[in-house]
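The data block below is my_file_6.cif; it holds mmCIF, C-alpha atoms.
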data_input
#
loop_
_atom_site.label_atom_id
_atom_site.label_comp_id
_atom_site.auth_asym_id
_atom_site.auth_seq_id
_atom_site.Cartn_x
_atom_site.Cartn_y
_atom_site.Cartn_z
CA MET A 24 17.51 2.42 -43.19
CA SER A 25 13.83 2.19 -42.19
CA LEU A 26 14.75 0.03 -39.22
CA ARG A 27 17.20 2.64 -37.96
CA ILE A 28 14.62 5.43 -38.31
CA SER A 29 12.04 3.37 -36.38
CA ALA A 30 14.52 2.66 -33.63
CA GLY A 31 15.42 6.33 -33.36
CA ARG A 32 11.77 7.30 -33.12
CA ALA A 33 11.19 4.66 -30.43
CA VAL A 34 13.94 6.12 -28.27
CA ALA A 35 12.69 9.64 -28.88
CA HIS A 36 9.25 8.72 -27.61
CA HIS A 37 10.62 7.93 -24.19
CA GLY A 38 13.75 9.97 -23.60
CA TRP A 39 14.85 12.17 -20.73
CA VAL A 40 12.16 14.80 -21.21
CA GLN A 41 9.44 12.17 -21.04
CA ALA A 42 11.10 10.57 -18.00
CA LEU A 43 11.19 13.95 -16.27
CA ALA A 44 7.49 14.46 -16.99
CA VAL A 45 6.62 11.02 -15.56
CA THR A 46 8.70 11.60 -12.43
CA LEU A 47 7.35 15.07 -11.74
CA ALA A 48 3.77 13.93 -12.31
CA GLY A 49 4.19 11.01 -9.89
CA VAL A 50 5.83 13.10 -7.16
CA LEU A 51 3.31 15.92 -7.57
CA ALA A 52 0.37 13.51 -7.27
CA MET A 53 1.81 11.96 -4.12
CA GLY A 54 2.60 15.35 -2.63
CA VAL A 55 -0.90 16.70 -3.26
CA VAL A 56 -2.59 13.67 -1.68
CA ALA A 57 -0.24 13.76 1.31
CA ALA A 58 -0.68 17.53 1.77
CA LEU A 59 -4.48 17.32 1.63
CA GLY A 60 -4.58 14.37 4.01
CA LEU A 61 -2.31 16.08 6.53
CA TRP A 62 -4.27 19.32 6.18
CA ALA A 63 -7.47 17.43 7.03
CA ALA A 64 -5.66 15.88 10.00
CA GLY A 65 -4.72 19.35 11.32
CA ALA A 66 -1.00 19.20 10.53
CA THR A 67 -1.02 22.79 9.33
CA ASP A 68 -1.13 23.80 13.02
CA LEU A 69 2.26 22.24 13.73
CA PRO A 70 4.73 24.84 15.06
CA ASP A 71 7.82 26.30 13.44
CA GLY A 72 6.75 25.69 9.84
CA ALA A 73 6.82 21.92 10.18
CA TYR A 74 3.92 21.24 7.80
CA PRO A 75 5.80 21.08 4.45
CA LYS A 76 8.50 18.96 6.06
CA VAL A 77 5.88 16.54 7.40
CA VAL A 78 4.44 16.34 3.88
CA ALA A 79 7.89 15.42 2.55
CA ALA A 80 8.26 12.81 5.30
CA THR A 81 4.87 11.33 4.39
CA VAL A 82 5.90 10.93 0.75
CA VAL A 83 9.16 9.32 1.86
CA THR A 84 7.40 6.77 4.06
CA ALA A 85 4.88 6.09 1.29
CA VAL A 86 7.63 4.55 -0.85
CA GLY A 87 9.21 2.57 1.96
CA GLY A 88 11.60 5.22 3.23
CA SER A 89 12.67 5.36 6.83
CA VAL A 90 11.68 8.30 9.06
CA GLU A 91 13.09 8.19 12.58
CA LEU A 92 11.69 10.02 15.61
CA SER A 93 14.08 11.69 18.02
CA GLY A 94 13.65 13.55 21.28
CA ASP A 95 15.63 15.91 23.44
CA ALA A 96 14.61 16.85 26.99
CA GLY A 97 17.92 17.77 28.52
CA GLN A 98 20.07 15.98 31.09
CA LEU A 99 17.25 15.18 33.52
CA ALA A 100 14.67 13.78 31.14
CA GLY A 101 14.34 11.15 28.50
CA VAL A 102 12.27 11.00 25.34
CA GLU A 103 11.81 7.89 23.27
CA GLY A 104 9.72 7.23 20.21
CA GLY A 105 9.38 5.29 17.00
CA LEU A 106 6.98 5.17 14.07
CA THR A 107 6.45 2.60 11.34
CA VAL A 108 3.47 3.07 9.06
CA VAL A 109 3.02 3.34 5.31
CA PRO A 110 0.37 5.85 4.13
CA LEU A 111 -0.88 3.56 1.39
CA SER A 112 -3.26 6.07 -0.19
CA VAL A 113 -0.22 8.17 -1.11
CA THR A 114 1.63 5.04 -2.21
CA LEU A 115 -1.20 3.89 -4.45
CA VAL A 116 -1.67 7.25 -6.17
CA GLY A 117 2.04 7.47 -6.91
CA ALA A 118 2.16 3.90 -8.21
CA LEU A 119 -0.77 4.50 -10.59
CA VAL A 120 0.73 7.70 -12.00
CA PHE A 121 4.21 6.21 -12.44
CA ALA A 122 2.78 3.06 -14.06
CA ALA A 123 0.61 5.02 -16.49
CA GLY A 124 3.49 7.29 -17.45
CA PHE A 125 5.86 4.34 -17.92
CA LEU A 126 3.43 2.43 -20.15
CA ARG A 127 2.20 5.34 -22.27
CA PRO A 128 5.05 5.47 -24.84
CA LEU A 129 5.10 1.65 -25.04
CA ARG A 130 1.47 1.14 -26.01
CA HIS A 131 0.40 -0.33 -29.37
CA ARG A 132 3.52 -2.46 -29.65
CA ALA A 133 3.77 -6.24 -29.46
CA VAL A 134 7.44 -6.67 -28.58
CA ALA A 135 10.18 -4.50 -27.09
CA GLY A 136 13.81 -5.29 -26.50
CA ALA A 137 15.05 -5.81 -22.97
CA GLY A 138 17.61 -3.05 -23.44
CA GLU A 139 14.95 -0.59 -24.51
CA LEU A 140 12.74 -1.33 -21.49
CA VAL A 141 15.66 -1.18 -19.08
CA GLY A 142 16.87 2.08 -20.57
CA TRP A 143 13.44 3.70 -20.30
CA ALA A 144 13.06 2.51 -16.70
CA ALA A 145 16.60 3.64 -15.84
CA ARG A 146 15.91 7.20 -16.97
CA ILE A 147 12.91 7.40 -14.65
CA ALA A 148 14.89 5.77 -11.84
CA VAL A 149 17.77 8.27 -12.07
CA LEU A 150 15.42 11.25 -11.86
CA TRP A 151 13.43 9.55 -9.09
CA LEU A 152 16.64 9.11 -7.10
CA LEU A 153 17.36 12.83 -7.33
CA VAL A 154 13.85 13.65 -6.15
CA LEU A 155 14.15 11.16 -3.28
CA ILE A 156 17.39 12.76 -2.11
CA ALA A 157 15.72 16.16 -2.05
CA LEU A 158 12.70 14.80 -0.17
CA ALA A 159 14.83 12.92 2.33
CA LEU A 160 16.93 15.99 3.10
CA THR A 161 13.77 18.11 3.47
CA ALA A 162 11.97 15.64 5.74
CA ARG A 163 13.61 16.59 9.03
CA HIS A 164 12.46 18.96 11.73
CA THR A 165 12.50 19.55 15.49
CA PHE A 166 9.87 21.37 17.51
CA GLY A 167 8.90 21.73 21.15
CA PHE A 168 5.69 20.45 22.71
CA SER A 169 3.72 21.08 25.85
CA LEU A 170 3.58 18.64 28.75
CA GLY A 171 0.10 19.77 29.74
CA GLU A 172 -0.72 19.71 33.42
CA GLY A 173 0.23 17.35 36.22
CA ALA A 174 3.23 16.05 38.14
CA VAL A 175 5.44 15.63 35.10
CA SER A 176 4.74 19.20 33.98
CA ASP A 177 5.58 20.49 37.47
CA LEU A 178 8.86 18.57 37.52
CA ALA A 179 9.73 19.90 34.07
CA ASP A 180 9.11 23.48 35.20
CA LEU A 181 11.15 22.91 38.38
CA PHE A 182 14.20 21.65 36.54
CA GLY A 183 13.81 23.80 33.45
CA VAL A 184 13.16 20.90 31.11
CA GLU A 185 12.00 21.90 27.62
CA PRO A 186 11.20 18.70 25.75
CA LYS A 187 11.54 18.67 21.98
CA LEU A 188 10.44 16.13 19.44
CA GLY A 189 11.86 15.78 15.99
CA PHE A 190 12.07 13.50 13.01
CA THR A 191 14.74 12.81 10.47
CA THR A 192 15.27 10.54 7.50
CA ASP A 193 17.71 7.72 6.96
CA VAL A 194 18.82 8.85 3.50
CA PRO A 195 20.66 5.68 2.30
CA LEU A 196 17.86 3.39 3.44
CA THR A 197 15.28 5.67 1.87
CA LEU A 198 17.09 5.57 -1.47
CA VAL A 199 17.35 1.78 -1.43
CA PHE A 200 13.70 1.17 -0.62
CA GLY A 201 12.55 3.99 -2.89
CA VAL A 202 14.29 2.46 -5.89
CA LEU A 203 12.98 -1.00 -5.03
CA TRP A 204 9.47 0.47 -4.80
CA LEU A 205 9.80 2.07 -8.23
CA ALA A 206 11.17 -1.14 -9.73
CA GLY A 207 8.25 -3.10 -8.30
CA VAL A 208 5.75 -0.60 -9.70
CA LEU A 209 7.23 -0.67 -13.19
CA VAL A 210 7.51 -4.47 -13.29
CA LEU A 211 3.93 -4.84 -12.08
CA ALA A 212 2.80 -2.35 -14.71
CA LEU A 213 4.34 -4.51 -17.43
CA LEU A 214 2.78 -7.64 -15.97
CA CYS A 215 -0.73 -6.19 -15.74
CA SER A 216 -1.03 -4.38 -19.05
CA ARG A 217 -2.24 -6.52 -21.93
CA GLY A 218 -1.00 -3.99 -24.47
CA ALA A 219 2.49 -3.38 -23.03
CA PRO A 220 5.32 -5.02 -25.00
CA LEU A 221 7.61 -7.63 -23.51
CA PRO A 222 11.00 -8.94 -24.61
CA GLY A 223 10.65 -11.95 -26.91
CA ARG A 224 12.03 -14.37 -24.32
CA LEU A 225 9.30 -13.45 -21.84
CA LEU A 226 6.32 -13.71 -24.17
CA ARG A 227 5.69 -17.33 -23.18
CA PHE A 228 4.97 -16.26 -19.59
CA GLN A 229 2.35 -13.64 -20.39
CA GLU A 230 -0.51 -16.12 -20.77
CA SER A 231 -0.15 -17.38 -17.19
CA VAL A 232 1.10 -14.28 -15.41
CA ARG A 233 -0.65 -11.29 -16.97
CA PRO A 234 -4.31 -12.31 -16.43
CA ALA A 235 -3.65 -13.21 -12.77
CA ALA A 236 -1.67 -10.04 -12.08
CA TYR A 237 -4.35 -7.89 -13.71
CA ALA A 238 -7.10 -9.61 -11.70
CA MET A 239 -5.26 -8.94 -8.42
CA VAL A 240 -4.75 -5.27 -9.22
CA VAL A 241 -8.45 -4.91 -10.06
CA LEU A 242 -9.35 -6.72 -6.83
CA LEU A 243 -7.19 -4.44 -4.68
CA LEU A 244 -8.48 -1.32 -6.41
CA ALA A 245 -12.07 -2.50 -5.92
CA TYR A 246 -11.46 -2.74 -2.19
CA VAL A 247 -10.00 0.77 -2.17
CA VAL A 248 -13.08 2.11 -3.96
CA LEU A 249 -15.32 0.38 -1.42
CA GLY A 250 -13.22 1.86 1.37
CA VAL A 251 -13.56 5.39 -0.03
CA VAL A 252 -17.33 5.01 -0.45
CA THR A 253 -17.64 3.66 3.10
CA GLY A 254 -15.59 6.54 4.46
CA LEU A 255 -17.72 9.12 2.66
CA VAL A 256 -20.91 7.52 3.98
CA VAL A 257 -19.49 7.60 7.51
CA ALA A 258 -18.53 11.26 7.10
CA VAL A 259 -22.02 12.20 5.93
CA THR A 260 -24.00 10.15 8.45
CA ARG A 261 -21.84 10.39 11.57
CA GLY A 262 -19.94 13.62 11.17
CA HIS A 263 -16.20 14.02 11.87
CA GLY A 264 -15.73 14.97 8.24
CA ALA A 265 -12.18 16.29 8.56
CA GLU A 266 -10.90 13.22 10.43
CA THR A 267 -12.58 10.86 7.97
CA LEU A 268 -11.18 12.76 5.01
CA ALA A 269 -7.70 12.47 6.51
CA VAL A 270 -8.11 8.71 6.80
CA ILE A 271 -9.36 8.46 3.21
CA LEU A 272 -6.48 10.51 1.80
CA LEU A 273 -3.77 8.82 3.85
CA GLY A 274 -4.85 5.31 4.78
CA THR A 275 -7.79 3.92 2.79
CA PRO A 276 -5.83 0.92 1.43
CA ASN A 277 -4.44 0.24 4.92
CA LEU A 278 -7.96 -0.36 6.20
CA ALA A 279 -9.55 -1.76 3.03
CA TRP A 280 -6.84 -4.37 2.46
CA LEU A 281 -6.86 -5.26 6.15
CA ALA A 282 -10.59 -5.96 5.69
CA LEU A 283 -9.74 -8.21 2.74
CA THR A 284 -7.45 -10.37 4.86
CA LEU A 285 -9.91 -10.46 7.76
CA GLY A 286 -12.65 -11.61 5.40
CA LEU A 287 -10.42 -14.51 4.36
CA GLY A 288 -10.23 -15.51 8.03
CA ALA A 289 -6.74 -14.15 8.74
CA THR A 290 -5.69 -13.07 12.23
CA TRP A 291 -3.72 -10.01 13.25
CA ASP A 292 -2.21 -9.16 16.64
CA GLY A 293 -2.63 -5.62 17.92
CA HIS A 294 -2.57 -3.33 20.91
CA VAL A 295 -3.51 0.30 21.60
CA GLU A 296 -2.49 2.21 24.70
CA GLY A 297 -2.43 5.91 25.56
CA PRO A 298 -3.41 8.76 23.24
CA PHE A 299 -2.82 6.76 20.08
CA GLY A 300 -5.81 5.27 18.37
CA LEU A 301 -7.37 4.30 15.07
CA PRO A 302 -9.94 6.87 13.91
CA MET A 303 -11.96 4.32 11.96
CA PRO A 304 -13.40 1.79 12.21
CA GLN A 305 -14.11 2.26 15.89
CA VAL A 306 -14.63 -1.47 16.46
CA LEU A 307 -10.98 -2.12 15.62
CA ASP A 308 -9.80 0.41 18.20
CA GLN A 309 -12.13 -1.16 20.78
CA VAL A 310 -10.74 -4.65 20.25
CA MET A 311 -7.12 -3.50 20.38
CA ARG A 312 -7.46 -1.29 23.45
CA SER A 313 -6.88 -3.94 26.13
CA ALA A 314 -4.33 -4.69 28.82
CA ASP A 315 -2.60 -7.36 26.77
CA VAL A 316 -1.95 -8.06 23.11
CA SER A 317 -5.30 -8.48 21.37
CA THR A 318 -6.28 -10.99 18.74
CA VAL A 319 -7.92 -9.26 15.79
CA ASN A 320 -10.07 -11.50 13.60
CA LEU A 321 -13.70 -11.97 12.64
CA GLY A 322 -14.49 -13.68 15.93
CA THR A 323 -13.16 -10.95 18.21
CA LEU A 324 -14.51 -8.13 16.06
CA SER A 325 -17.98 -9.70 15.92
CA ASP A 326 -18.18 -9.49 19.73
CA TYR A 327 -18.45 -5.71 19.25
CA ASP A 328 -20.18 -5.54 15.86
CA GLY A 329 -21.78 -8.56 14.18
CA ARG A 330 -21.78 -6.82 10.80
CA VAL A 331 -18.12 -7.74 10.31
CA TRP A 332 -19.27 -11.14 9.04
CA TRP A 333 -20.34 -9.36 5.86
CA LEU A 334 -16.62 -9.17 5.07
CA VAL A 335 -16.77 -12.88 4.20
CA VAL A 336 -19.57 -12.23 1.71
CA VAL A 337 -17.75 -9.28 0.17
CA ASP A 338 -14.57 -11.36 -0.16
CA ALA A 339 -16.44 -14.23 -1.80
CA VAL A 340 -18.17 -11.99 -4.35
CA LEU A 341 -15.10 -9.94 -5.28
CA LEU A 342 -12.77 -12.94 -5.42
CA LEU A 343 -15.16 -14.79 -7.72
CA ALA A 344 -15.38 -11.69 -9.91
CA ALA A 345 -11.58 -11.43 -10.01
CA ALA A 346 -11.26 -15.14 -10.86
CA PHE A 347 -13.85 -14.76 -13.62
CA LEU A 348 -11.96 -11.76 -15.02
CA MET A 349 -8.70 -13.70 -14.91
CA ALA A 350 -10.26 -16.64 -16.78
CA VAL A 351 -11.84 -14.41 -19.42
CA ARG A 352 -8.49 -12.76 -20.13
CA SER A 353 -6.72 -16.13 -20.35
CA PRO A 354 -6.51 -18.27 -23.50
CA ALA A 355 -9.20 -20.93 -23.88
CA ARG A 356 -6.62 -23.71 -23.76
CA VAL A 357 -5.85 -23.05 -20.07
CA HIS A 358 -7.36 -25.84 -17.95
CA LEU A 359 -9.61 -25.31 -14.94
CA TRP A 360 -7.01 -26.62 -12.51
CA GLN A 361 -4.49 -24.18 -13.97
CA HIS A 362 -6.87 -21.28 -13.39
CA ALA A 363 -7.24 -22.42 -9.79
CA ALA A 364 -3.47 -22.63 -9.32
CA HIS A 365 -2.87 -19.23 -10.92
CA MET A 366 -5.51 -17.61 -8.72
CA ALA A 367 -4.14 -19.24 -5.58
CA VAL A 368 -0.58 -18.09 -6.21
CA ALA A 369 -1.66 -14.57 -7.21
CA LEU A 370 -3.90 -14.14 -4.16
CA ALA A 371 -1.21 -15.46 -1.82
CA LEU A 372 1.29 -12.95 -3.23
CA ALA A 373 -1.26 -10.14 -2.86
CA VAL A 374 -1.93 -11.11 0.77
CA LEU A 375 1.80 -11.32 1.44
CA MET A 376 2.19 -7.77 0.12
CA ILE A 377 -0.65 -6.59 2.37
CA CYS A 378 0.92 -8.26 5.40
CA LEU A 379 4.28 -6.63 4.73
CA VAL A 380 3.08 -3.07 4.05
CA GLY A 381 0.05 -3.05 6.35
CA ARG A 382 1.97 -3.31 9.62
CA ILE A 383 1.63 -0.41 12.05
CA SER A 384 3.92 0.45 14.95
CA ALA A 385 4.04 3.67 16.98
CA VAL A 386 5.50 4.34 20.42
CA PHE A 387 6.22 7.54 22.32
CA GLY A 388 7.19 8.20 25.92
CA LEU A 389 8.59 10.88 28.20
CA SER A 390 10.13 10.55 31.65
CA VAL A 391 11.57 13.18 34.02
CA LEU A 392 14.04 11.88 36.63
CA GLY A 393 12.73 8.44 35.80
CA ILE A 394 9.20 9.52 36.77
CA GLY A 395 6.29 9.57 34.40
CA ASP A 396 3.81 7.20 32.96
CA LEU A 397 6.10 7.78 30.82
CA GLY A 398 4.19 10.91 31.45
CA GLY A 399 0.68 11.95 32.31
CA GLY A 400 -1.13 10.80 29.19
CA LEU A 401 1.83 11.57 26.92
CA SER A 402 2.98 7.98 26.64
CA GLY A 403 1.48 5.79 23.98
CA ASP A 404 1.90 2.49 22.20
CA LEU A 405 0.21 1.15 19.08
CA PHE A 406 0.98 -1.83 16.91
CA LEU A 407 -0.80 -4.09 14.47
CA ARG A 408 0.96 -7.05 12.85
CA PRO A 409 -0.28 -10.09 10.92
CA ARG A 410 0.10 -13.80 11.46
CA ILE A 411 1.57 -14.24 8.01
CA TRP A 412 1.65 -18.01 7.56
CA GLY A 413 -1.97 -18.45 8.51
CA ALA A 414 -2.99 -15.64 6.18
CA LEU A 415 -1.04 -17.15 3.28
CA GLY A 416 -2.56 -20.60 3.84
CA LEU A 417 -6.07 -19.16 3.81
CA ALA A 418 -5.27 -17.14 0.68
CA LEU A 419 -4.12 -20.29 -1.13
CA LEU A 420 -7.31 -22.11 -0.15
CA TRP A 421 -9.60 -19.25 -1.17
CA GLY A 422 -7.65 -18.81 -4.39
CA LEU A 423 -7.99 -22.48 -5.38
CA VAL A 424 -11.75 -22.53 -4.79
CA THR A 425 -12.62 -19.17 -6.33
CA GLY A 426 -10.17 -19.68 -9.20
CA PHE A 427 -11.84 -22.96 -10.15
CA LEU A 428 -15.38 -21.60 -9.83
CA GLY A 429 -14.55 -18.40 -11.70
CA ALA A 430 -13.11 -20.43 -14.56
CA VAL A 431 -16.25 -22.59 -14.66
CA PHE A 432 -18.42 -19.48 -14.95
CA ALA A 433 -16.20 -18.25 -17.80
CA LEU A 434 -16.46 -21.42 -19.88
CA ARG A 435 -19.26 -20.02 -22.02
CA VAL A 436 -17.46 -16.73 -22.63
CA ARG A 437 -15.58 -16.46 -25.89
CA ARG A 438 -11.84 -16.15 -25.32
CA SER A 439 -8.65 -16.07 -27.37
CA GLY A 440 -7.03 -19.27 -28.51
CA GLU A 441 -8.41 -22.57 -29.69
CA VAL A 442 -10.66 -24.66 -27.50
CA PRO A 443 -8.85 -27.94 -26.72
CA ASP A 444 -10.43 -31.21 -27.67
CA GLU A 445 -9.77 -32.84 -24.32
CA SER A 446 -11.72 -32.14 -21.15
CA PRO A 447 -10.90 -28.75 -19.53
CA LEU A 448 -10.27 -30.59 -16.27
#

Take the structure in the file and give it back as structure tokens.
Amino acid sequence: MSLRISAGRAVAHHGWVQALAVTLAGVLAMGVVAALGLWAAGATDLPDGAYPKVVAATVVTAVGGSVELSGDAGQLAGVEGGLTVVPLSVTLVGALVFAAGFLRPLRHRAVAGAGELVGWAARIAVLWLLVLIALALTARHTFGFSLGEGAVSDLADLFGVEPKLGFTTDVPLTLVFGVLWLAGVLVLALLCSRGAPLPGRLLRFQESVRPAAYAMVVLLLAYVVLGVVTGLVVAVTRGHGAETLAVILLGTPNLAWLALTLGLGATWDGHVEGPFGLPMPQVLDQVMRSADVSTVNLGTLSDYDGRVWWLVVVDAVLLLAAAFLMAVRSPARVHLWQHAAHMAVALALAVLMICLVGRISAVFGLSVLGIGDLGGGLSGDLFLRPRIWGALGLALLWGLVTGFLGAVFALRVRRSGEVPDESPL
């Protein structure tokens, strides 16, 4: 009888009402961050009431959804465009809120059945799907824009061309990636939390996986905090407060995690042309604004600003701290070489995630009767993509070295488990 009562109470602690609270809190947090970031960027000035729809589109892209640009300039003109970017500040805030809400009713328990965990996650997922559908249907709008002055504007006036630009959402693709995003967040939450229960069959993996996963989350969050502090300092000392605030609220992890990979020695390929640009750091925009595809790494960036070499120092310090934290949270019986291997794999997976979500691609162009640049300063192209295999190789190397050294530093720290008689090597 007591077992049945306990089971009933366990289900009651994370039923549909609690799932609704978690979902609404996560969506509200993402919406607020997106709205403030777009407000700082001047999106409230968009015509025809586009601002709330742009906010919805930002939340959709933050969870991997697909927003497509479309243009209409009549029979005599052509508009083309595309945009691929993840506002990772919005993504991160949503992930933290969803993870905290998912773990809250599970705390203070050692073991939970797989069915219980799946059921709790499924309730959140069902409600999240409904919210995603509403967001995806809201995130679509079309508005006109001015061609400015010049030959293209004159041709447009002559032929009565009224160009329009719009965006819409691929609903099925958004739902697929949105659910995958939520699943990844909830799984990572279970992996990182020392107090969250796991099914009995998975308990044997927690000693090797949980300390490494927790260390990587702390590492990534530390870089975000450094990015926010750097942005605030720039806003105070150099002005442009609104633009800097927009970057902080929409793209701090995009820049901070890019800096992490650059400090490891990774290389990205990028190019900027036309009105597009990166508001900060300026050195990145300078390197990418060339006639051909630019190589973005410590070497090319240091040609414009030698201070970028400090990224290596920051990486070394924070990676050693993360490795030390991982070792301290691991049982004493784990050998030094195992710490090194765990750190290498965890860092490589973190870098792979950064490479996949940190890509940027934006293109827009207008032509009238085939004439334009595509159009008098209206055309633009921006992309930034990583050389993944090189980045992963460097991550493995850095992980092995810092994982070993961090474990050595942690040898004198008291940890759980018995100290083995044999050498830790």

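Note on the selection: in this file the PyMOL selection byres ((chain A and resi 120) around 10) comes out as Val45, Thr46, Leu47, Ala48, Gly49, Val50, Leu51, Ala52, Met53, Leu115, Val116, Gly117, Ala118, Leu119, Phe121, Ala122, Ala123, Gly124, Phe125 and Val208 of chain A.
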
As a ChimeraX atom specification, please: the residues near Pro110 of chain A (cut-off 8 Å, all atoms listed in the file, same-chain neighbours under 5 positions excluded). /A:81,84-85,273-274,277

Would you translate the PyMOL selection byres ((chain A and resi 359-371) around 9) into the concrete set of residues it matches in this file, as a PyMOL selection string? chain A and resi 231-232+234-236+238-239+345-346+349-350+353+357-358+372-376+414-431+447-448

Restricting it to C-alpha atoms, dump the selection as a JSON list (two decimals), keeping the file's coordinate frame.
[["chain", "number", "residue", "atom", "x", "y", "z"],
["A", 231, "SER", "CA", -0.15, -17.38, -17.19],
["A", 232, "VAL", "CA", 1.10, -14.28, -15.41],
["A", 234, "PRO", "CA", -4.31, -12.31, -16.43],
["A", 235, "ALA", "CA", -3.65, -13.21, -12.77],
["A", 236, "ALA", "CA", -1.67, -10.04, -12.08],
["A", 238, "ALA", "CA", -7.10, -9.61, -11.70],
["A", 239, "MET", "CA", -5.26, -8.94, -8.42],
["A", 345, "ALA", "CA", -11.58, -11.43, -10.01],
["A", 346, "ALA", "CA", -11.26, -15.14, -10.86],
["A", 349, "MET", "CA", -8.70, -13.70, -14.91],
["A", 350, "ALA", "CA", -10.26, -16.64, -16.78],
["A", 353, "SER", "CA", -6.72, -16.13, -20.35],
["A", 357, "VAL", "CA", -5.85, -23.05, -20.07],
["A", 358, "HIS", "CA", -7.36, -25.84, -17.95],
["A", 372, "LEU", "CA", 1.29, -12.95, -3.23],
["A", 373, "ALA", "CA", -1.26, -10.14, -2.86],
["A", 374, "VAL", "CA", -1.93, -11.11, 0.77],
["A", 375, "LEU", "CA", 1.80, -11.32, 1.44],
["A", 376, "MET", "CA", 2.19, -7.77, 0.12],
["A", 414, "ALA", "CA", -2.99, -15.64, 6.18],
["A", 415, "LEU", "CA", -1.04, -17.15, 3.28],
["A", 416, "GLY", "CA", -2.56, -20.60, 3.84],
["A", 417, "LEU", "CA", -6.07, -19.16, 3.81],
["A", 418, "ALA", "CA", -5.27, -17.14, 0.68],
["A", 419, "LEU", "CA", -4.12, -20.29, -1.13],
["A", 420, "LEU", "CA", -7.31, -22.11, -0.15],
["A", 421, "TRP", "CA", -9.60, -19.25, -1.17],
["A", 422, "GLY", "CA", -7.65, -18.81, -4.39],
["A", 423, "LEU", "CA", -7.99, -22.48, -5.38],
["A", 424, "VAL", "CA", -11.75, -22.53, -4.79],
["A", 425, "THR", "CA", -12.62, -19.17, -6.33],
["A", 426, "GLY", "CA", -10.17, -19.68, -9.20],
["A", 427, "PHE", "CA", -11.84, -22.96, -10.15],
["A", 428, "LEU", "CA", -15.38, -21.60, -9.83],
["A", 429, "GLY", "CA", -14.55, -18.40, -11.70],
["A", 430, "ALA", "CA", -13.11, -20.43, -14.56],
["A", 431, "VAL", "CA", -16.25, -22.59, -14.66],
["A", 447, "PRO", "CA", -10.90, -28.75, -19.53],
["A", 448, "LEU", "CA", -10.27, -30.59, -16.27]]

Quick one: of A:Ile411, A:Leu285, A:Ala206, A:Ala279, who's nearest to Trp332 of chain A, counting all atoms listed in the file?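 Answer, going by the shortest atom-to-atom distance: A:Leu285.
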
Can you find the residues with an atom no farther than 7 Å from (0.3, 0.4, 21.6), counting all atoms listed in the file, and report them as a list in words?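 Every polymer residue passing the test: His294, Val295, Glu296, Ala385, Val386, Gly403, Asp404, Leu405 and Phe406 of chain A.
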